[in-house]
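Trainee: See query.cif below, with mmCIF, C-alpha atoms, pLDDT in the B column; chains and numbers go by the auth columns.
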```
data_input
loop_
_atom_site.group_PDB
_atom_site.id
_atom_site.type_symbol
_atom_site.label_atom_id
_atom_site.label_comp_id
_atom_site.label_asym_id
_atom_site.label_seq_id
_atom_site.Cartn_x
_atom_site.Cartn_y
_atom_site.Cartn_z
_atom_site.B_iso_or_equiv
_atom_site.auth_seq_id
_atom_site.auth_asym_id
ATOM 1 C CA MET A 1 141.737 215.477 76.343 55.00 728 K
ATOM 2 C CA THR A 2 141.140 215.063 72.603 71.00 729 K
ATOM 3 C CA GLU A 3 141.387 211.522 71.310 76.00 730 K
ATOM 4 C CA PRO A 4 144.186 211.156 68.719 81.00 731 K
ATOM 5 C CA ALA A 5 142.830 210.785 65.188 86.00 732 K
ATOM 6 C CA HIS A 6 144.506 207.431 64.590 92.00 733 K
ATOM 7 C CA LEU A 7 143.051 206.038 67.819 91.00 734 K
ATOM 8 C CA ALA A 8 139.541 207.214 66.949 93.00 735 K
ATOM 9 C CA ALA A 9 139.861 205.536 63.541 95.00 736 K
ATOM 10 C CA VAL A 10 140.999 202.259 65.117 95.00 737 K
ATOM 11 C CA ARG A 11 138.182 202.308 67.672 96.00 738 K
ATOM 12 C CA GLU A 12 135.465 203.124 65.135 95.00 739 K
ATOM 13 C CA SER A 13 136.765 200.619 62.579 96.00 740 K
ATOM 14 C CA TYR A 14 137.018 197.715 65.003 97.00 741 K
ATOM 15 C CA ASP A 15 133.639 198.549 66.478 97.00 742 K
ATOM 16 C CA THR A 16 132.299 198.155 62.943 97.00 743 K
ATOM 17 C CA VAL A 17 134.067 194.900 62.046 97.00 744 K
ATOM 18 C CA ALA A 18 133.984 193.193 65.472 97.00 745 K
ATOM 19 C CA ALA A 19 131.434 190.456 64.751 97.00 746 K
ATOM 20 C CA ASP A 20 132.953 189.496 61.394 97.00 747 K
ATOM 21 C CA TYR A 21 136.483 189.713 62.772 97.00 748 K
ATOM 22 C CA LEU A 22 135.481 187.096 65.332 96.00 749 K
ATOM 23 C CA ARG A 23 134.052 184.916 62.562 96.00 750 K
ATOM 24 C CA LEU A 24 136.935 185.276 60.084 96.00 751 K
ATOM 25 C CA VAL A 25 140.143 185.382 62.147 96.00 752 K
ATOM 26 C CA VAL A 26 141.525 182.027 63.233 95.00 753 K
ATOM 27 C CA PRO A 27 141.631 181.357 66.995 96.00 754 K
ATOM 28 C CA PRO A 28 145.002 180.755 68.692 97.00 755 K
ATOM 29 C CA GLU A 29 144.577 176.992 68.311 96.00 756 K
ATOM 30 C CA GLY A 30 144.535 177.497 64.535 96.00 757 K
ATOM 31 C CA MET A 31 147.644 179.670 64.352 95.00 758 K
ATOM 32 C CA ASP A 32 150.815 178.432 62.720 94.00 759 K
ATOM 33 C CA PRO A 33 153.083 176.330 64.959 95.00 760 K
ATOM 34 C CA VAL A 34 155.748 179.042 65.269 95.00 761 K
ATOM 35 C CA SER A 35 153.273 181.628 66.552 95.00 762 K
ATOM 36 C CA ARG A 36 151.877 179.176 69.079 97.00 763 K
ATOM 37 C CA ALA A 37 155.403 178.279 70.149 97.00 764 K
ATOM 38 C CA MET A 38 156.210 181.962 70.758 97.00 765 K
ATOM 39 C CA LEU A 39 153.102 182.374 72.910 98.00 766 K
ATOM 40 C CA ALA A 40 154.070 179.249 74.857 98.00 767 K
ATOM 41 C CA ALA A 41 157.651 180.495 75.314 98.00 768 K
ATOM 42 C CA PHE A 42 156.365 183.854 76.531 98.00 769 K
ATOM 43 C CA ALA A 43 154.083 182.136 79.046 98.00 770 K
ATOM 44 C CA GLU A 44 156.933 179.966 80.327 98.00 771 K
ATOM 45 C CA LEU A 45 159.256 182.953 80.713 98.00 772 K
ATOM 46 C CA VAL A 46 156.644 184.897 82.681 98.00 773 K
ATOM 47 C CA ARG A 47 155.941 181.920 84.940 97.00 774 K
ATOM 48 C CA GLU A 48 159.656 181.320 85.556 96.00 775 K
ATOM 49 C CA ALA A 49 160.133 185.011 86.434 96.00 776 K
ATOM 50 C CA GLY A 50 157.536 184.699 89.203 94.00 777 K
ATOM 51 C CA GLY A 51 154.303 185.234 87.334 92.00 778 K
ATOM 52 C CA GLY A 52 152.269 188.334 88.018 95.00 779 K
ATOM 53 C CA GLU A 53 149.435 189.724 85.960 98.00 780 K
ATOM 54 C CA VAL A 54 149.751 189.788 82.179 98.00 781 K
ATOM 55 C CA ALA A 55 148.050 192.392 79.993 98.00 782 K
ATOM 56 C CA ASP A 56 146.948 191.397 76.487 98.00 783 K
ATOM 57 C CA LEU A 57 147.003 194.831 74.842 98.00 784 K
ATOM 58 C CA GLY A 58 144.767 195.061 71.804 98.00 785 K
ATOM 59 C CA CYS A 59 142.992 191.907 72.917 98.00 786 K
ATOM 60 C CA GLY A 60 140.152 192.025 70.390 98.00 787 K
ATOM 61 C CA PRO A 61 137.473 189.422 71.195 98.00 788 K
ATOM 62 C CA GLY A 62 139.578 187.922 73.975 98.00 789 K
ATOM 63 C CA ARG A 63 140.558 184.590 72.489 98.00 790 K
ATOM 64 C CA VAL A 64 144.304 185.116 72.904 98.00 791 K
ATOM 65 C CA THR A 65 143.746 186.379 76.458 98.00 792 K
ATOM 66 C CA ALA A 66 141.917 183.146 77.266 98.00 793 K
ATOM 67 C CA TYR A 67 144.661 181.141 75.530 98.00 794 K
ATOM 68 C CA LEU A 68 147.268 182.755 77.789 98.00 795 K
ATOM 69 C CA CYS A 69 145.190 181.781 80.822 98.00 796 K
ATOM 70 C CA GLY A 70 145.172 178.223 79.500 98.00 797 K
ATOM 71 C CA LEU A 71 148.978 178.401 79.472 98.00 798 K
ATOM 72 C CA GLY A 72 148.974 179.117 83.188 98.00 799 K
ATOM 73 C CA LEU A 73 149.034 182.924 83.206 98.00 800 K
ATOM 74 C CA SER A 74 146.824 185.382 85.069 98.00 801 K
ATOM 75 C CA ALA A 75 145.851 187.435 82.029 98.00 802 K
ATOM 76 C CA PHE A 76 143.424 190.244 81.344 98.00 803 K
ATOM 77 C CA GLY A 77 142.638 192.100 78.133 98.00 804 K
ATOM 78 C CA VAL A 78 142.566 195.733 77.056 98.00 805 K
ATOM 79 C CA ASP A 79 141.135 197.015 73.786 98.00 806 K
ATOM 80 C CA VAL A 80 140.173 200.439 72.479 98.00 807 K
ATOM 81 C CA SER A 81 137.060 198.993 70.790 98.00 808 K
ATOM 82 C CA GLY A 82 134.006 198.770 73.000 98.00 809 K
ATOM 83 C CA GLU A 83 132.426 196.214 70.675 98.00 810 K
ATOM 84 C CA MET A 84 135.482 193.967 70.923 98.00 811 K
ATOM 85 C CA VAL A 85 135.418 194.229 74.720 98.00 812 K
ATOM 86 C CA THR A 86 131.725 193.325 74.718 98.00 813 K
ATOM 87 C CA LEU A 87 132.417 190.194 72.641 98.00 814 K
ATOM 88 C CA ALA A 88 135.288 189.234 74.941 98.00 815 K
ATOM 89 C CA ARG A 89 133.255 189.654 78.114 98.00 816 K
ATOM 90 C CA ARG A 90 130.389 187.652 76.625 98.00 817 K
ATOM 91 C CA ALA A 91 132.658 184.764 75.609 98.00 818 K
ATOM 92 C CA TYR A 92 134.833 184.740 78.744 98.00 819 K
ATOM 93 C CA PRO A 93 132.809 186.161 81.651 98.00 820 K
ATOM 94 C CA GLN A 94 135.318 184.742 84.140 98.00 821 K
ATOM 95 C CA LEU A 95 138.099 186.980 82.762 98.00 822 K
ATOM 96 C CA ARG A 96 138.664 190.724 83.012 98.00 823 K
ATOM 97 C CA PHE A 97 138.471 192.946 79.940 98.00 824 K
ATOM 98 C CA LEU A 98 138.887 196.719 79.937 98.00 825 K
ATOM 99 C CA GLN A 99 138.215 199.326 77.271 97.00 826 K
ATOM 100 C CA GLY A 100 141.069 201.774 76.853 96.00 827 K
ATOM 101 C CA SER A 101 144.165 202.854 74.971 96.00 828 K
ATOM 102 C CA MET A 102 147.334 200.792 75.290 96.00 829 K
ATOM 103 C CA ALA A 103 149.286 204.060 75.194 93.00 830 K
ATOM 104 C CA ASP A 104 147.666 205.424 78.350 92.00 831 K
ATOM 105 C CA LEU A 105 146.910 202.676 80.864 94.00 832 K
ATOM 106 C CA ASP A 106 145.514 203.232 84.328 94.00 833 K
ATOM 107 C CA LEU A 107 148.057 200.923 85.958 96.00 834 K
ATOM 108 C CA PRO A 108 150.768 201.580 88.559 97.00 835 K
ATOM 109 C CA ASP A 109 154.427 201.536 87.627 97.00 836 K
ATOM 110 C CA GLY A 110 155.797 197.997 87.466 97.00 837 K
ATOM 111 C CA ALA A 111 152.364 196.434 87.899 97.00 838 K
ATOM 112 C CA LEU A 112 152.705 193.629 85.350 98.00 839 K
ATOM 113 C CA GLY A 113 154.697 190.449 85.013 98.00 840 K
ATOM 114 C CA GLY A 114 154.083 190.348 81.282 98.00 841 K
ATOM 115 C CA ILE A 115 152.732 192.304 78.323 98.00 842 K
ATOM 116 C CA LEU A 116 151.465 190.802 75.081 98.00 843 K
ATOM 117 C CA ALA A 117 150.961 193.130 72.106 98.00 844 K
ATOM 118 C CA TRP A 118 149.782 190.688 69.450 98.00 845 K
ATOM 119 C CA TYR A 119 149.167 192.264 66.024 96.00 846 K
ATOM 120 C CA SER A 120 148.052 195.519 67.623 96.00 847 K
ATOM 121 C CA VAL A 121 151.031 197.914 67.510 97.00 848 K
ATOM 122 C CA HIS A 122 151.010 198.441 63.723 94.00 849 K
ATOM 123 C CA HIS A 123 148.050 200.830 63.931 96.00 850 K
ATOM 124 C CA THR A 124 150.230 203.307 65.867 96.00 851 K
ATOM 125 C CA PRO A 125 152.133 205.878 63.741 96.00 852 K
ATOM 126 C CA GLU A 126 155.907 205.416 63.965 95.00 853 K
ATOM 127 C CA ASP A 127 156.452 208.824 65.567 95.00 854 K
ATOM 128 C CA GLN A 128 154.200 207.753 68.449 96.00 855 K
ATOM 129 C CA LEU A 129 155.861 204.374 69.070 97.00 856 K
ATOM 130 C CA PRO A 130 158.417 205.877 71.506 97.00 857 K
ATOM 131 C CA GLN A 131 155.565 207.021 73.773 96.00 858 K
ATOM 132 C CA LEU A 132 153.823 203.650 73.426 97.00 859 K
ATOM 133 C CA PHE A 133 156.927 201.620 74.247 98.00 860 K
ATOM 134 C CA ALA A 134 157.738 203.942 77.158 97.00 861 K
ATOM 135 C CA GLU A 135 154.290 203.161 78.562 97.00 862 K
ATOM 136 C CA PHE A 136 154.953 199.428 78.156 98.00 863 K
ATOM 137 C CA HIS A 137 158.221 199.900 80.038 98.00 864 K
ATOM 138 C CA ARG A 138 156.545 201.895 82.807 97.00 865 K
ATOM 139 C CA ILE A 139 153.955 199.256 83.648 98.00 866 K
ATOM 140 C CA LEU A 140 156.215 196.194 83.279 98.00 867 K
ATOM 141 C CA ALA A 141 157.973 195.006 86.430 97.00 868 K
ATOM 142 C CA PRO A 142 161.750 194.537 86.436 96.00 869 K
ATOM 143 C CA GLY A 143 162.356 191.005 85.212 96.00 870 K
ATOM 144 C CA GLY A 144 159.018 190.979 83.392 97.00 871 K
ATOM 145 C CA HIS A 145 158.610 190.059 79.733 98.00 872 K
ATOM 146 C CA LEU A 146 157.122 191.710 76.657 98.00 873 K
ATOM 147 C CA LEU A 147 156.094 189.785 73.564 98.00 874 K
ATOM 148 C CA LEU A 148 155.402 191.949 70.545 98.00 875 K
ATOM 149 C CA GLY A 149 154.003 190.109 67.536 97.00 876 K
ATOM 150 C CA GLY A 150 152.896 191.685 64.296 95.00 877 K
ATOM 151 C CA HIS A 151 153.617 192.917 60.808 92.00 878 K
ATOM 152 C CA ALA A 152 156.849 194.531 59.619 93.00 879 K
ATOM 153 C CA GLY A 153 157.773 196.197 56.357 90.00 880 K
ATOM 154 C CA GLU A 154 159.954 198.837 54.766 87.00 881 K
ATOM 155 C CA ALA A 155 158.283 202.034 55.995 80.00 882 K
ATOM 156 C CA GLN A 156 154.919 201.221 54.462 84.00 883 K
ATOM 157 C CA LEU A 157 151.734 203.156 55.143 88.00 884 K
ATOM 158 C CA LEU A 158 148.653 201.087 54.296 87.00 885 K
ATOM 159 C CA ARG A 159 145.168 202.586 54.184 92.00 886 K
ATOM 160 C CA PRO A 160 142.675 199.841 53.334 91.00 887 K
ATOM 161 C CA ALA A 161 139.196 200.976 52.338 93.00 888 K
ATOM 162 C CA ARG A 162 137.607 197.755 53.569 95.00 889 K
ATOM 163 C CA ALA A 163 138.475 194.955 55.978 94.00 890 K
ATOM 164 C CA TYR A 164 136.538 191.915 57.204 94.00 891 K
ATOM 165 C CA GLY A 165 133.735 192.857 54.807 94.00 892 K
ATOM 166 C CA HIS A 166 133.238 196.430 56.077 95.00 893 K
ATOM 167 C CA PRO A 167 134.491 199.969 55.365 94.00 894 K
ATOM 168 C CA VAL A 168 137.336 200.952 57.703 96.00 895 K
ATOM 169 C CA SER A 169 139.293 204.156 58.305 94.00 896 K
ATOM 170 C CA TYR A 170 142.345 202.916 60.208 94.00 897 K
ATOM 171 C CA ALA A 171 145.864 202.809 58.794 93.00 898 K
ATOM 172 C CA SER A 172 148.679 200.307 59.257 92.00 899 K
ATOM 173 C CA HIS A 173 152.145 201.752 59.788 93.00 900 K
ATOM 174 C CA LEU A 174 154.720 199.084 58.938 93.00 901 K
ATOM 175 C CA VAL A 175 158.345 199.665 59.931 94.00 902 K
ATOM 176 C CA PRO A 176 161.431 197.456 59.543 94.00 903 K
ATOM 177 C CA VAL A 177 162.169 194.919 62.266 95.00 904 K
ATOM 178 C CA GLY A 178 165.465 196.634 63.041 95.00 905 K
ATOM 179 C CA ARG A 179 163.657 199.906 63.673 96.00 906 K
ATOM 180 C CA LEU A 180 161.259 198.220 66.101 97.00 907 K
ATOM 181 C CA VAL A 181 164.260 196.831 67.971 97.00 908 K
ATOM 182 C CA GLU A 182 165.874 200.297 68.090 98.00 909 K
ATOM 183 C CA LEU A 183 162.704 201.874 69.477 98.00 910 K
ATOM 184 C CA LEU A 184 162.290 199.190 72.133 98.00 911 K
ATOM 185 C CA GLU A 185 165.910 199.592 73.211 98.00 912 K
ATOM 186 C CA ALA A 186 165.512 203.380 73.352 98.00 913 K
ATOM 187 C CA ALA A 187 162.521 202.866 75.668 98.00 914 K
ATOM 188 C CA GLY A 188 164.673 200.840 78.077 97.00 915 K
ATOM 189 C CA PHE A 189 164.191 197.265 76.871 98.00 916 K
ATOM 190 C CA THR A 190 166.664 194.563 75.995 98.00 917 K
ATOM 191 C CA VAL A 191 165.411 192.519 73.044 98.00 918 K
ATOM 192 C CA THR A 192 166.238 188.907 73.868 97.00 919 K
ATOM 193 C CA THR A 193 164.660 187.117 70.897 97.00 920 K
ATOM 194 C CA ARG A 194 164.002 188.278 67.351 96.00 921 K
ATOM 195 C CA LEU A 195 162.028 186.049 64.994 96.00 922 K
ATOM 196 C CA GLU A 196 161.008 187.070 61.486 94.00 923 K
ATOM 197 C CA GLN A 197 158.969 184.974 59.065 91.00 924 K
ATOM 198 C CA PRO A 198 158.277 185.838 55.409 88.00 925 K
ATOM 199 C CA ASN A 199 154.753 186.660 54.335 85.00 926 K
ATOM 200 C CA PRO A 200 154.044 184.148 51.534 83.00 927 K
ATOM 201 C CA GLN A 201 151.444 186.442 49.951 82.00 928 K
ATOM 202 C CA ARG A 202 153.456 189.681 50.093 79.00 929 K
ATOM 203 C CA ALA A 203 157.214 189.574 49.723 72.00 930 K
ATOM 204 C CA GLU A 204 157.644 193.163 50.926 78.00 931 K
ATOM 205 C CA ARG A 205 156.139 192.317 54.327 84.00 932 K
ATOM 206 C CA SER A 206 157.004 189.893 57.093 91.00 933 K
ATOM 207 C CA TYR A 207 155.682 188.587 60.385 92.00 934 K
ATOM 208 C CA VAL A 208 157.791 189.389 63.425 96.00 935 K
ATOM 209 C CA CYS A 209 157.930 188.316 67.060 97.00 936 K
ATOM 210 C CA LEU A 210 160.132 190.191 69.524 98.00 937 K
ATOM 211 C CA LEU A 211 160.671 189.121 73.110 98.00 938 K
ATOM 212 C CA ALA A 212 162.040 191.827 75.388 98.00 939 K
ATOM 213 C CA THR A 213 162.653 192.557 79.056 97.00 940 K
ATOM 214 C CA PRO A 214 163.420 195.809 80.910 97.00 941 K
ATOM 215 C CA ALA A 215 167.146 196.451 80.539 92.00 942 K
ATOM 216 C CA ASP A 216 167.921 197.947 83.940 72.00 943 K
ATOM 217 C CA GLY A 217 165.051 199.038 86.137 49.00 944 K
ATOM 218 C CA HIS A 218 162.793 201.768 84.768 42.00 945 K
ATOM 219 C CA VAL A 219 163.599 204.817 82.700 39.00 946 K
ATOM 220 C CA THR A 220 161.810 208.131 82.608 36.00 947 K
ATOM 221 C CA ALA A 221 160.314 208.836 79.182 37.00 948 K
#
```
Would you mind writing the structure in this file as structure tokens?

Mentor:
Amino acid sequence: MTEPAHLAAVRESYDTVAADYLRLVVPPEGMDPVSRAMLAAFAELVREAGGGEVADLGCGPGRVTAYLCGLGLSAFGVDVSGEMVTLARRAYPQLRFLQGSMADLDLPDGALGGILAWYSVHHTPEDQLPQLFAEFHRILAPGGHLLLGGHAGEAQLLRPARAYGHPVSYASHLVPVGRLVELLEAAGFTVTTRLEQPNPQRAERSYVCLLATPADGHVTA
């Protein structure tokens, strides 16, 4: 099966920037208080629902995965970048990290108590988000919780030439918060919490956190 072009670009770009990404991006402990509060709320909701494994999809170097474990979750990470997975395994050898696409996971239906997609969904083109969210729905157990955190914007397509000090070929596909909610609901989720914060550097963009849970069992995509 041919790898989608956008996925190949994400993998190759993050393989290239992995070491400097680790050096330049703040760890979870350095995030703003609201972001840390959302991660803590997600962890509490998953624990109260009975726990179960939690997948950190687009885990990068594994720091957020480890942070979730520190909040009492049984978390593992998945990333398309082999270099990111290598960094994560080196830093947290006691945790499990897998290389793969978040849109095509080798997991049984309803296998997870929680899914975190933290600043990783925006590299997926909007027309492929229905398939991605359907996969999230498939692997999340009834009563489980999804936390999606990331960038939002008014239908913006961003193609940076460089990031983290290196040439990159990925794109960022920003969509309005309301559209993300619509797509999640169409995939069978109920969005229970919607939080949007302005981006102080770029007025046309915002930071968004969406908490969601399967609406009524599982749907067929």

Trainee: Select all residues near (141.4, 201.2, 53.1) (cut-off 10 Å, inclusive, file coordinates), counting all atoms listed in the file, and output them as a list in words.

Mentor: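 Residues with an atom at most 10 Å from (141.4, 201.2, 53.1): Leu885, Arg886, Pro887, Ala888, Arg889, Ala890, His893, Pro894, Val895, Ser896, Tyr897, Ala898 and Ser899 of chain K.
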
Trainee: I need the residues from that last selection saved to file as an mmCIF file, in the coordinates of the input (with C-alpha atoms), if you can.

Mentor:
```
data_model
loop_
_atom_site.group_PDB
_atom_site.id
_atom_site.type_symbol
_atom_site.label_atom_id
_atom_site.label_comp_id
_atom_site.auth_asym_id
_atom_site.auth_seq_id
_atom_site.Cartn_x
_atom_site.Cartn_y
_atom_site.Cartn_z
ATOM 1 C CA LEU K 885 148.653 201.087 54.296
ATOM 2 C CA ARG K 886 145.168 202.586 54.184
ATOM 3 C CA PRO K 887 142.675 199.841 53.334
ATOM 4 C CA ALA K 888 139.196 200.976 52.338
ATOM 5 C CA ARG K 889 137.607 197.755 53.569
ATOM 6 C CA ALA K 890 138.475 194.955 55.978
ATOM 7 C CA HIS K 893 133.238 196.430 56.077
ATOM 8 C CA PRO K 894 134.491 199.969 55.365
ATOM 9 C CA VAL K 895 137.336 200.952 57.703
ATOM 10 C CA SER K 896 139.293 204.156 58.305
ATOM 11 C CA TYR K 897 142.345 202.916 60.208
ATOM 12 C CA ALA K 898 145.864 202.809 58.794
ATOM 13 C CA SER K 899 148.679 200.307 59.257
#
```

Trainee: Distance cut-off 9 Å, centre (154.1, 189.0, 59.2) in file coordinates, counting all atoms listed in the file: which residues qualify? Return them as a list of chain:residue names.

Mentor: K:Gly876, K:Gly877, K:His878, K:Ala879, K:Gly880, K:Glu923, K:Gln924, K:Pro925, K:Asn926, K:Arg932, K:Ser933, K:Tyr934, K:Val935, K:Cys936

Trainee: Return the single residue from K:Leu825, K:Leu749, K:Leu911, K:Ala844 that is closest to Asp783 in chain K, with distances computed using only C-alpha atoms.

Mentor: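 Closest to Asp783 in chain K of all the choices is K:Ala844.
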
Trainee: I would like the residues chosen by the PyMOL selection byres ((chain K and resi 941) around 10) on the shown file; could you give them as a PDB file with C-alpha atoms, keeping the file's coordinate frame?

Mentor:
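Final output, expr_8.pdb:
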```pdb
ATOM      1  CA  PHE K 863     154.953 199.428  78.156  1.00 98.00           C
ATOM      2  CA  HIS K 864     158.221 199.900  80.038  1.00 98.00           C
ATOM      3  CA  ARG K 865     156.545 201.895  82.807  1.00 97.00           C
ATOM      4  CA  LEU K 867     156.215 196.194  83.279  1.00 98.00           C
ATOM      5  CA  ALA K 868     157.973 195.006  86.430  1.00 97.00           C
ATOM      6  CA  PRO K 869     161.750 194.537  86.436  1.00 96.00           C
ATOM      7  CA  GLY K 870     162.356 191.005  85.212  1.00 96.00           C
ATOM      8  CA  GLY K 871     159.018 190.979  83.392  1.00 97.00           C
ATOM      9  CA  HIS K 872     158.610 190.059  79.733  1.00 98.00           C
ATOM     10  CA  LEU K 873     157.122 191.710  76.657  1.00 98.00           C
ATOM     11  CA  LEU K 911     162.290 199.190  72.133  1.00 98.00           C
ATOM     12  CA  GLU K 912     165.910 199.592  73.211  1.00 98.00           C
ATOM     13  CA  ALA K 914     162.521 202.866  75.668  1.00 98.00           C
ATOM     14  CA  GLY K 915     164.673 200.840  78.077  1.00 97.00           C
ATOM     15  CA  PHE K 916     164.191 197.265  76.871  1.00 98.00           C
ATOM     16  CA  THR K 917     166.664 194.563  75.995  1.00 98.00           C
ATOM     17  CA  VAL K 918     165.411 192.519  73.044  1.00 98.00           C
ATOM     18  CA  ALA K 939     162.040 191.827  75.388  1.00 98.00           C
ATOM     19  CA  THR K 940     162.653 192.557  79.056  1.00 97.00           C
ATOM     20  CA  ALA K 942     167.146 196.451  80.539  1.00 92.00           C
ATOM     21  CA  ASP K 943     167.921 197.947  83.940  1.00 72.00           C
ATOM     22  CA  GLY K 944     165.051 199.038  86.137  1.00 49.00           C
ATOM     23  CA  HIS K 945     162.793 201.768  84.768  1.00 42.00           C
ATOM     24  CA  VAL K 946     163.599 204.817  82.700  1.00 39.00           C
TER      25      VAL K 946
END
```

Trainee: Name the closest residue to Val812 in chain K among the candidates K:Cys786, K:Ala732, K:Met829, K:Leu795; distances are taken between atoms, counting all atoms listed in the file.

Mentor: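 So, comparing all the options, the nearest one is K:Cys786.
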
Trainee: Can you work out the spacing between CA of Gly892 in chain K and CA of Arg750 in chain K in Å, to one decimal?

Mentor: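 Separating CA of Gly892 in chain K from CA of Arg750 in chain K is a distance of 11.1 Å.
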
Trainee: Taking the file as shown, find all residues satisfying the PyMOL selection byres ((chain K and resi 781) around 6) and write them as a PyMOL selection string.

Mentor: chain K and resi 780+782+802+839-842

Trainee: Write out, as a tab-separated table (two decimals), in the coordinates of the input, the residues just selected, with C-alpha atoms.

Mentor:
```
chain	number	residue	atom	x	y	z
K	780	GLU	CA	149.44	189.72	85.96
K	782	ALA	CA	148.05	192.39	79.99
K	802	ALA	CA	145.85	187.44	82.03
K	839	LEU	CA	152.71	193.63	85.35
K	840	GLY	CA	154.70	190.45	85.01
K	841	GLY	CA	154.08	190.35	81.28
K	842	ILE	CA	152.73	192.30	78.32
```

Trainee: Record the distance separating CA of Gln928 in chain K and CA of Asp854 in chain K, expressed in Å with one decimal.

Mentor: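 Answer for the CA of Gln928 in chain K to CA of Asp854 in chain K separation: 27.7 Å.
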
Trainee: Suppose you want the space between CA of Gly797 in chain K and CA of Arg738 in chain K; what is it in Å?

Mentor: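 Result for CA of Gly797 in chain K versus CA of Arg738 in chain K: 27.7 Å, one decimal.
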
Trainee: Would you mind telling me which residue in K:Gln855, K:Thr729, K:Gln826, K:Gln883 lies nearest to Thr813 in chain K when using all atoms listed in the file?

Mentor: K:Gln826
